[in-house]
$ cat start.txt   # compact mmCIF, C-alpha atoms
# COMPACT_ATOMS: atom_id res chain seq x y z
CA MET Z 117 -8.15 -16.21 -13.29
CA SER Z 118 -6.50 -15.57 -16.63
CA ILE Z 119 -3.24 -13.73 -17.18
CA TYR Z 120 -1.63 -13.54 -20.60
CA VAL Z 121 2.01 -12.56 -21.11
CA VAL Z 122 2.62 -10.82 -24.44
CA GLN Z 123 4.92 -12.67 -26.83
CA PRO Z 124 6.81 -11.27 -29.87
CA GLY Z 125 4.39 -10.71 -32.73
CA ASP Z 126 1.27 -10.63 -30.54
CA THR Z 127 -1.46 -8.07 -31.10
CA ALA Z 128 -4.31 -7.04 -28.85
CA TYR Z 129 -6.75 -8.19 -31.56
CA GLY Z 130 -5.16 -11.63 -31.74
CA ILE Z 131 -4.99 -12.06 -27.97
CA ALA Z 132 -8.64 -11.05 -27.56
CA ALA Z 133 -9.68 -13.60 -30.18
CA GLU Z 134 -7.52 -16.35 -28.69
CA GLN Z 135 -8.78 -15.67 -25.16
CA ASN Z 136 -12.39 -15.40 -26.36
CA VAL Z 137 -12.91 -11.96 -24.84
CA PRO Z 138 -14.14 -8.81 -26.62
CA LEU Z 139 -11.27 -6.52 -27.57
CA GLU Z 140 -13.00 -3.60 -25.88
CA GLU Z 141 -13.08 -5.50 -22.57
CA LEU Z 142 -9.42 -6.48 -22.84
CA ALA Z 143 -8.43 -2.89 -23.63
CA TYR Z 144 -10.61 -1.46 -20.84
CA ALA Z 145 -9.27 -3.86 -18.19
CA ASN Z 146 -5.65 -3.12 -19.07
CA GLN Z 147 -5.99 0.60 -19.88
CA LEU Z 148 -4.80 0.02 -23.43
CA VAL Z 149 -5.04 3.03 -25.72
CA TYR Z 150 -5.89 2.71 -29.43
CA PRO Z 151 -4.22 1.37 -31.54
CA TYR Z 152 -3.43 -0.88 -28.55
CA PRO Z 153 0.37 -1.24 -28.71
CA LEU Z 154 1.80 -3.98 -26.49
CA ALA Z 155 5.21 -4.46 -24.88
CA VAL Z 156 6.83 -7.88 -25.12
CA GLY Z 157 6.62 -9.43 -21.65
CA GLN Z 158 3.67 -7.27 -20.61
CA ALA Z 159 1.19 -9.17 -18.42
CA LEU Z 160 -2.44 -8.64 -19.42
CA TYR Z 161 -5.44 -9.33 -17.22
CA VAL Z 162 -8.04 -11.26 -19.20
CA PRO Z 163 -11.48 -10.53 -17.67
CA GLN Z 164 -13.15 -13.55 -16.09
CA GLU Z 165 -16.24 -14.33 -14.09
CA PRO Z 166 -15.53 -14.08 -10.34
CA ASP Z 167 -14.61 -17.27 -8.51
CA SER Z 168 -17.68 -18.93 -7.03
CA ASP Z 169 -15.95 -19.78 -3.74
CA ARG Z 170 -14.34 -16.42 -3.07
CA ARG Z 171 -13.51 -15.62 0.55
CA SER Z 172 -14.26 -12.25 2.09
CA VAL Z 173 -11.43 -9.80 2.79
CA THR Z 174 -11.08 -6.22 3.94
CA VAL Z 175 -9.40 -3.77 1.56
CA ASN Z 176 -7.83 -0.53 2.73
CA GLY Z 177 -6.45 2.20 0.50
CA TYR Z 178 -4.23 5.07 1.66
CA ALA Z 179 -4.67 8.39 -0.13
CA TYR Z 180 -3.60 12.00 0.22
CA PRO Z 181 -6.33 14.69 0.07
CA PHE Z 182 -4.95 15.86 -3.29
CA ILE Z 183 -5.87 12.56 -4.97
CA SER Z 184 -7.66 13.00 -8.29
CA PRO Z 185 -11.45 12.90 -7.74
CA TYR Z 186 -11.68 10.60 -10.76
CA VAL Z 187 -9.15 8.13 -9.36
CA LEU Z 188 -10.86 8.14 -5.97
CA SER Z 189 -14.32 7.60 -7.47
CA GLN Z 190 -13.00 4.69 -9.55
CA THR Z 191 -11.28 3.08 -6.56
CA LEU Z 192 -13.90 3.46 -3.83
CA PRO Z 193 -16.13 0.59 -5.08
CA PHE Z 194 -13.24 -1.78 -4.29
CA LEU Z 195 -12.51 -0.54 -0.75
CA THR Z 196 -13.66 -1.35 2.76
CA PHE Z 197 -11.62 1.47 4.30
CA LEU Z 198 -10.21 4.74 3.01
CA SER Z 199 -7.23 5.90 5.08
CA VAL Z 200 -6.68 9.64 4.70
CA PHE Z 201 -2.98 10.51 4.87
CA SER Z 202 -2.33 12.21 7.15
CA TYR Z 203 -2.91 14.07 10.40
CA GLY Z 204 0.06 15.16 12.49
CA PHE Z 205 0.60 16.63 15.94
CA THR Z 206 2.85 18.93 17.93
CA GLU Z 207 4.94 17.91 20.93
CA ASP Z 208 2.20 19.42 23.10
CA GLY Z 209 -0.39 17.13 21.54
CA GLN Z 210 -2.12 19.65 19.28
CA LEU Z 211 -3.63 17.77 16.32
CA LEU Z 212 -2.56 19.06 12.90
CA ALA Z 213 -4.90 18.66 9.93
CA PRO Z 214 -3.64 17.70 6.45
CA GLN Z 215 -2.47 20.62 4.32
CA ALA Z 216 -5.34 20.02 1.89
CA ASP Z 217 -8.99 19.72 2.90
CA ASP Z 218 -10.09 16.13 3.52
CA ALA Z 219 -13.85 16.71 3.93
CA TRP Z 220 -14.58 15.96 0.27
CA MET Z 221 -12.91 12.56 0.58
CA LEU Z 222 -15.18 11.58 3.45
CA GLU Z 223 -18.21 12.71 1.47
CA ALA Z 224 -17.10 10.57 -1.48
CA ALA Z 225 -16.45 7.59 0.79
CA ALA Z 226 -19.93 7.86 2.28
CA GLN Z 227 -21.48 7.49 -1.18
CA TYR Z 228 -19.91 4.03 -1.45
CA ALA Z 229 -20.37 3.00 2.21
CA VAL Z 230 -16.58 3.00 2.62
CA ARG Z 231 -15.35 3.62 6.16
CA PRO Z 232 -12.93 6.58 6.44
CA ILE Z 233 -9.88 6.17 8.69
CA LEU Z 234 -7.81 9.03 10.12
CA THR Z 235 -4.12 8.27 9.69
CA LEU Z 236 -1.94 9.74 12.44
CA THR Z 237 1.75 10.34 11.66
CA PRO Z 238 4.61 12.04 13.57
CA PHE Z 239 5.96 14.24 10.79
CA GLY Z 240 8.45 16.91 11.79
CA PRO Z 241 8.90 20.34 10.13
CA GLU Z 242 10.85 18.74 7.25
CA GLY Z 243 7.96 16.42 6.43
CA LEU Z 244 9.82 13.33 7.65
CA PHE Z 245 9.02 10.86 10.45
CA SER Z 246 10.36 12.35 13.69
CA ASN Z 247 11.30 10.09 16.59
CA TYR Z 248 11.76 13.29 18.60
CA LEU Z 249 8.03 13.96 18.25
CA ILE Z 250 7.26 10.35 19.07
CA HIS Z 251 9.41 10.53 22.20
CA GLN Z 252 7.67 13.73 23.31
CA ILE Z 253 4.17 12.31 22.95
CA VAL Z 254 4.86 8.91 24.56
CA THR Z 255 6.62 10.46 27.56
CA ARG Z 256 4.14 13.27 28.27
CA PRO Z 257 0.76 12.24 29.75
CA ALA Z 258 -0.66 15.75 29.36
CA SER Z 259 0.27 15.88 25.67
CA ARG Z 260 -1.29 12.47 25.08
CA SER Z 261 -4.47 13.58 26.76
CA VAL Z 262 -4.71 16.65 24.53
CA LEU Z 263 -3.99 14.61 21.39
CA ILE Z 264 -6.53 11.89 22.16
CA SER Z 265 -9.19 14.46 23.02
CA GLN Z 266 -8.62 16.34 19.77
CA LEU Z 267 -8.58 13.09 17.79
CA LEU Z 268 -11.98 12.15 19.18
CA ASP Z 269 -13.40 15.62 18.51
CA THR Z 270 -12.16 15.59 14.92
CA MET Z 271 -13.41 12.07 14.25
CA ASN Z 272 -16.84 12.86 15.61
CA GLU Z 273 -17.01 16.14 13.71
CA LYS Z 274 -15.88 14.80 10.35
CA GLY Z 275 -17.26 11.27 10.44
CA TYR Z 276 -14.11 9.17 10.70
CA THR Z 277 -14.70 5.62 11.95
CA GLY Z 278 -11.22 4.80 13.22
CA VAL Z 279 -7.64 5.93 13.62
CA ASP Z 280 -4.55 4.34 12.09
CA ILE Z 281 -1.29 4.92 13.97
CA ASP Z 282 1.59 5.07 11.49
CA PHE Z 283 4.70 5.85 13.56
CA GLU Z 284 8.07 4.90 12.08
CA TYR Z 285 11.69 5.04 13.30
CA ILE Z 286 10.65 4.70 16.95
CA LEU Z 287 13.65 4.67 19.28
CA ALA Z 288 14.35 1.27 20.83
CA GLU Z 289 14.12 2.78 24.33
CA ASP Z 290 10.61 4.09 23.50
CA ARG Z 291 9.26 0.70 22.40
CA ASP Z 292 7.24 -0.09 25.52
CA LEU Z 293 6.12 3.52 25.90
CA PHE Z 294 4.85 3.43 22.32
CA THR Z 295 2.96 0.23 23.09
CA GLY Z 296 1.41 2.00 26.07
CA PHE Z 297 0.45 4.93 23.85
CA VAL Z 298 -1.31 2.59 21.41
CA ARG Z 299 -3.14 0.96 24.31
CA GLU Z 300 -4.28 4.35 25.59
CA VAL Z 301 -5.50 5.45 22.14
CA THR Z 302 -7.23 2.11 21.51
CA ASN Z 303 -9.07 2.21 24.82
CA ALA Z 304 -10.28 5.75 24.13
CA MET Z 305 -11.36 4.79 20.60
CA HIS Z 306 -13.26 1.74 21.77
CA ALA Z 307 -15.04 3.74 24.46
CA ALA Z 308 -16.27 6.12 21.74
CA GLY Z 309 -17.22 3.39 19.25
CA PHE Z 310 -14.16 3.77 16.98
CA THR Z 311 -11.41 1.37 15.92
CA CYS Z 312 -7.64 1.61 16.15
CA SER Z 313 -5.09 0.04 13.80
CA VAL Z 314 -1.29 0.14 13.69
CA ALA Z 315 1.17 0.10 10.80
CA LEU Z 316 4.11 -2.26 11.39
CA ALA Z 317 7.56 -2.15 9.84
CA PRO Z 318 8.28 -5.41 7.95
CA LYS Z 319 10.08 -7.45 10.62
CA THR Z 320 11.20 -11.04 10.08
CA SER Z 321 12.16 -11.77 13.70
CA ALA Z 322 11.44 -10.40 17.17
CA GLY Z 323 15.00 -9.26 17.75
CA GLN Z 324 15.59 -7.69 14.34
CA GLN Z 325 18.09 -4.85 14.58
CA GLY Z 326 17.63 -1.40 13.06
CA LEU Z 327 15.83 1.86 13.82
CA LEU Z 328 12.89 0.85 11.65
CA TYR Z 329 12.25 -2.34 13.65
CA GLU Z 330 13.34 -2.13 17.27
CA GLY Z 331 10.54 0.18 18.44
CA LYS Z 332 7.72 -2.11 17.30
CA ASP Z 333 6.61 -5.00 19.55
CA TYR Z 334 4.58 -7.15 17.14
CA GLY Z 335 3.01 -9.34 19.81
CA ALA Z 336 1.97 -6.56 22.17
CA LEU Z 337 0.70 -4.24 19.43
CA GLY Z 338 -1.16 -7.07 17.71
CA ALA Z 339 -2.92 -7.91 20.97
CA ILE Z 340 -4.00 -4.32 21.57
CA ALA Z 341 -5.01 -3.01 18.13
CA ASP Z 342 -8.07 -4.06 16.14
CA SER Z 343 -5.84 -4.72 13.13
CA VAL Z 344 -2.31 -4.21 11.86
CA LEU Z 345 -0.85 -3.37 8.47
CA LEU Z 346 2.36 -5.14 7.53
CA MET Z 347 4.29 -2.53 5.51
CA THR Z 348 5.58 -5.18 3.12
CA TYR Z 349 7.08 -2.83 0.55
CA GLU Z 350 10.05 -0.48 0.04
CA TRP Z 351 12.79 -3.09 -0.25
CA GLY Z 352 13.38 -1.30 -3.52
CA TYR Z 353 13.14 2.40 -2.61
CA THR Z 354 14.11 5.87 -3.82
CA TYR Z 355 17.68 5.92 -2.50
CA GLY Z 356 18.40 2.20 -2.52
CA PRO Z 357 19.76 -0.03 -5.28
CA PRO Z 358 17.44 -1.26 -8.04
CA MET Z 359 15.31 -4.19 -6.90
CA ALA Z 360 11.69 -5.25 -6.49
CA VAL Z 361 9.61 -2.95 -4.28
CA ALA Z 362 7.93 -5.95 -2.63
CA PRO Z 363 9.84 -9.16 -3.45
CA LEU Z 364 7.58 -12.08 -2.65
CA ASN Z 365 10.28 -14.12 -0.92
CA MET Z 366 10.81 -11.28 1.58
CA VAL Z 367 7.10 -10.52 1.92
CA ARG Z 368 6.46 -14.18 2.79
CA ARG Z 369 9.11 -14.10 5.53
CA VAL Z 370 7.44 -11.09 7.14
CA VAL Z 371 4.01 -12.74 7.02
CA GLU Z 372 5.30 -15.97 8.49
CA TYR Z 373 6.98 -14.15 11.37
CA ALA Z 374 3.92 -11.95 11.99
CA LEU Z 375 1.73 -15.04 12.30
CA THR Z 376 3.83 -16.23 15.23
CA GLU Z 377 2.87 -13.07 17.11
CA ILE Z 378 -0.50 -11.87 15.76
CA PRO Z 379 -3.73 -13.67 14.77
CA ALA Z 380 -4.24 -13.92 11.00
CA ALA Z 381 -7.68 -12.33 11.39
CA LYS Z 382 -5.98 -9.09 12.47
CA ILE Z 383 -3.35 -8.88 9.71
CA ASP Z 384 -3.55 -6.82 6.53
CA LEU Z 385 -0.88 -7.40 3.90
CA GLY Z 386 0.68 -4.21 2.58
CA ILE Z 387 0.64 -3.98 -1.23
CA PRO Z 388 2.50 -1.30 -3.23
CA ASN Z 389 0.65 0.40 -6.08
CA TYR Z 390 3.74 1.90 -7.72
CA GLY Z 391 7.23 1.20 -9.04
CA TYR Z 392 10.60 2.90 -9.39
CA ASP Z 393 12.81 3.96 -12.28
CA TRP Z 394 16.55 4.06 -11.39
CA PRO Z 395 19.26 5.69 -13.53
CA LEU Z 396 22.39 3.51 -13.73
CA PRO Z 397 25.02 2.96 -12.56
CA TYR Z 398 23.66 3.06 -9.03
CA GLN Z 399 25.80 5.09 -6.62
CA GLN Z 400 24.89 4.93 -2.95
CA GLY Z 401 24.06 8.36 -1.56
CA ILE Z 402 23.82 9.88 -5.02
CA THR Z 403 21.39 7.90 -7.16
CA ALA Z 404 17.68 8.64 -6.64
CA ALA Z 405 14.93 6.64 -8.31
CA ARG Z 406 11.81 8.24 -9.74
CA THR Z 407 8.46 6.94 -8.49
CA ILE Z 408 6.20 5.75 -11.32
CA GLY Z 409 2.82 4.12 -11.71
CA ASN Z 410 2.38 0.56 -12.94
CA VAL Z 411 0.61 1.66 -16.13
CA GLU Z 412 3.30 4.29 -16.66
CA ALA Z 413 5.99 1.60 -16.35
CA VAL Z 414 4.55 -0.34 -19.29
CA GLN Z 415 4.33 2.87 -21.32
CA ILE Z 416 8.03 3.49 -20.67
CA ALA Z 417 8.80 -0.02 -21.93
CA LEU Z 418 6.75 0.74 -25.05
CA ASP Z 419 8.42 4.09 -25.62
CA TYR Z 420 11.89 2.55 -25.54
CA ASN Z 421 11.03 -0.82 -27.10
CA ALA Z 422 12.14 -2.62 -23.93
CA VAL Z 423 11.32 -6.25 -23.19
CA ILE Z 424 9.68 -6.76 -19.78
CA GLU Z 425 11.22 -9.61 -17.81
CA PHE Z 426 9.95 -11.37 -14.69
CA ASP Z 427 12.01 -12.32 -11.65
CA GLU Z 428 10.65 -15.68 -10.46
CA THR Z 429 12.12 -15.36 -6.95
CA ALA Z 430 10.83 -11.84 -6.28
CA ARG Z 431 7.76 -12.55 -8.44
CA SER Z 432 8.10 -9.05 -9.86
CA PRO Z 433 8.46 -7.55 -13.37
CA PHE Z 434 11.42 -5.42 -14.41
CA PHE Z 435 13.22 -4.12 -17.48
CA ARG Z 436 16.06 -1.88 -18.63
CA TYR Z 437 16.04 0.85 -21.25
CA THR Z 438 18.39 3.50 -22.59
CA ALA Z 439 17.16 7.10 -22.45
CA GLU Z 440 17.80 9.75 -25.09
CA ASP Z 441 20.83 11.05 -23.19
CA GLY Z 442 22.41 7.59 -23.23
CA THR Z 443 21.69 6.84 -19.57
CA VAL Z 444 20.66 3.24 -18.89
CA HIS Z 445 17.68 2.86 -16.56
CA GLU Z 446 16.31 -0.06 -14.56
CA VAL Z 447 12.59 -0.24 -13.74
CA TRP Z 448 10.79 -2.45 -11.21
CA PHE Z 449 7.01 -2.29 -10.81
CA GLU Z 450 3.89 -4.37 -10.12
CA ASP Z 451 1.69 -6.20 -12.60
CA VAL Z 452 -1.13 -8.72 -12.38
CA ARG Z 453 1.37 -11.57 -11.97
CA SER Z 454 3.08 -10.00 -8.96
CA LEU Z 455 -0.25 -8.95 -7.46
CA SER Z 456 -1.75 -12.39 -7.94
CA ALA Z 457 1.20 -13.87 -6.05
CA LYS Z 458 0.52 -11.49 -3.14
CA PHE Z 459 -3.17 -12.37 -3.21
CA ASP Z 460 -2.10 -16.01 -2.94
CA LEU Z 461 -0.40 -15.18 0.37
CA VAL Z 462 -3.59 -13.57 1.68
CA GLU Z 463 -5.46 -16.77 0.83
CA GLN Z 464 -2.79 -19.21 1.93
CA TYR Z 465 -2.43 -17.67 5.39
CA SER Z 466 -6.09 -16.61 5.81
CA LEU Z 467 -5.14 -12.99 6.44
CA ARG Z 468 -7.82 -10.41 7.19
CA GLY Z 469 -7.13 -8.57 3.94
CA MET Z 470 -4.79 -6.05 2.37
CA GLY Z 471 -3.83 -2.40 2.55
CA TYR Z 472 -2.64 -0.47 -0.52
CA TRP Z 473 0.13 2.08 -0.29
CA GLN Z 474 -1.13 4.10 -2.01
CA ILE Z 475 -4.11 4.55 -4.35
CA MET Z 476 -3.05 7.84 -5.96
CA ARG Z 477 -2.51 6.17 -9.36
CA TRP Z 478 -5.27 4.27 -11.13
CA PHE Z 479 -4.39 0.67 -12.04
CA ARG Z 480 -7.66 -0.89 -13.15
CA ALA Z 481 -6.33 -4.42 -13.72
CA ASN Z 482 -5.39 -4.71 -10.05
CA TRP Z 483 -8.89 -3.94 -8.86
CA LEU Z 484 -10.58 -6.21 -11.39
CA LEU Z 485 -8.28 -9.06 -10.42
CA LEU Z 486 -8.92 -8.37 -6.75
CA SER Z 487 -12.69 -8.51 -7.17
CA GLU Z 488 -12.35 -11.71 -9.21
CA ARG Z 489 -10.38 -13.35 -6.42
CA PHE Z 490 -12.20 -12.02 -3.34
CA VAL Z 491 -15.45 -10.65 -1.98
CA ILE Z 492 -14.70 -7.20 -0.56
CA SER Z 493 -16.09 -6.74 2.94
CA GLU Z 494 -18.24 -3.74 3.69
$ encode --input "start.txt" --output "structure tokens"
Amino acid sequence: MSIYVVQPGDTAYGIAAEQNVPLEELAYANQLVYPYPLAVGQALYVPQEPDSDRRSVTVNGYAYPFISPYVLSQTLPFLTFLSVFSYGFTEDGQLLAPQADDAWMLEAAAQYAVRPILTLTPFGPEGLFSNYLIHQIVTRPASRSVLISQLLDTMNEKGYTGVDIDFEYILAEDRDLFTGFVREVTNAMHAAGFTCSVALAPKTSAGQQGLLYEGKDYGALGAIADSVLLMTYEWGYTYGPPMAVAPLNMVRRVVEYALTEIPAAKIDLGIPNYGYDWPLPYQQGITAARTIGNVEAVQIALDYNAVIEFDETARSPFFRYTAEDGTVHEVWFEDVRSLSAKFDLVEQYSLRGMGYWQIMRWFRANWLLLSERFVISE
């Protein structure tokens, strides 16, 4: 693996010569646009031959049906699973399809032998996770029966190979009922030849307080489901203060706790494929960050002549810039250094693989680094 961090005075031509790689390959891998401007502190992926002793991992990517066909076609060769986001349901158990047609995504996935997964979410009318809906479905046997029946019909009709249960903000009193719901869905899926996975909020202890955590029983869910996704991102989020989206020190704590409850062979590490741009000063309840792509983040640094720094504890890049209106901004995002550190965790703890939230933005360097480090399971 080779990562080069741009220094003052560097040029793409000089780096390519020094690293003994054709300029065209360096530019292609890092999505550099002629005349190849570089930001000081920018981390470049230098293409290498894959490791000879790579271990096999599963790779899952979440995507909405309105993903660019180009981005999806570029990403599919690097995936084991494509999780379509998302299907919903009513309190009576009626399955709700995504607002945009998902059939074309399954057709694209089939061309690359990627297994499509139906993601099930409890979104209310406002488009937010609804613990009211969760409570209704886990307490009503008739509604569960309708939902499971319609899930199976849809999966058979469209060609899905599994269901991913992504329920968040579960009430503490519904924890065991939710576990029972997952057991019921998993049993039905297995009987029909499908799989069932569960997304888990990033807990660091069994008794962790908070609406995001109390409704998820890591041990019980890990025993029931075929696999789990640790949602190890969103420490830095839209309405929170500026910080790394997935600080490695916190991600490691979640992994280490999860391993006390769930076998490593069932665990996928959640990896963010985005960053945030916060206007400063941050004011709780007022400030809202803008979601940006990782390539876009570097372009912002270039546009404002900002120097990209790297937080060694969070293992994440960040920078500040001043916009035309005089507002100072702080940006945190992912680059090949931060991603490599997360890949190290997958290796160190022998996890099953990783799941990307989400693949809507194309970040070629990530996928090239991934395929250099691992063999992607089919």
$ residues_near_point --input "start.txt" --point "(-12.1, -18.0, 1.0)" --cutoff "9 Å" --atoms "all atoms listed in the file" --output "list in words"
Asp169, Arg170, Arg171, Ser172, Val173, Glu463, Ser466, Arg489, Phe490 and Val491 of chain Z
$ residues_around --input "start.txt" --residues "Tyr392 (chain Z)" --least-positions-apart "4" --cutoff "7 Å" --atoms "all atoms listed in the file" --output "list of chain:residue names"
Z:Ala405, Z:Arg406, Z:Thr407, Z:Ile408, Z:Val447, Z:Trp448, Z:Phe449
$ residues_around --input "start.txt" --residues "region 146-158 of chain Z" --least-positions-apart "3" --cutoff "9 Å" --atoms "all atoms listed in the file" --output "VMD selection string"
chain Z and resid 120 to 129 141 to 143 161 to 162 411 414 to 415 417 to 418 421 to 426 433 451 479 to 481
$ atom_distance --input "start.txt" --atom1 "CA of Ile250 (chain Z)" --atom2 "CA of Gly352 (chain Z)"
26.1 Å
$ closest_residue --input "start.txt" --among "Z:Asn272, Z:Gln474, Z:Gln227, Z:Asn365" --to "Val175 (chain Z)" --atoms "only C-alpha atoms"
Z:Gln474
$ residues_around --input "start.txt" --residues "region 395-404 of chain Z" --least-positions-apart "5" --cutoff "10 Å" --atoms "only C-alpha atoms" --output "list in words"
Tyr353, Thr354, Tyr355, Gly356, Pro357, Pro358, Arg436, Tyr437, Thr438, Ala439, Thr443, Val444, His445, Glu446 and Val447 of chain Z
$ residues_around --input "start.txt" --residues "Asp208 (chain Z)" --least-positions-apart "2" --cutoff "10 Å" --atoms "only C-alpha atoms" --output "NGL selection string"
:Z and (205-206 or 210-211 or 249 or 252-253 or 256-263)
$ closest_residue --input "start.txt" --among "Z:Ala133, Z:Leu160, Z:Leu346, Z:Ala226" --to "Ile119 (chain Z)" --atoms "all atoms listed in the file"
Z:Leu160
$ atom_distance --input "start.txt" --atom1 "CA of Glu284 (chain Z)" --atom2 "CA of Leu328 (chain Z)"
6.3 Å
$ atom_distance --input "start.txt" --atom1 "CA of Val452 (chain Z)" --atom2 "CA of Glu488 (chain Z)"
12.0 Å
$ closest_residue --input "start.txt" --among "Z:Ala213, Z:Ile131, Z:Val200, Z:Ile340" --to "Arg231 (chain Z)" --atoms "only C-alpha atoms"
Z:Val200
$ closest_residue --input "start.txt" --among "Z:Leu455, Z:Ile387, Z:Met359, Z:Ile492" --to "Asp427 (chain Z)" --atoms "all atoms listed in the file"
Z:Met359
$ closest_residue --input "start.txt" --among "Z:Gly209, Z:Pro241, Z:Pro138, Z:Gly386" --to "Tyr349 (chain Z)" --atoms "all atoms listed in the file"
Z:Gly386
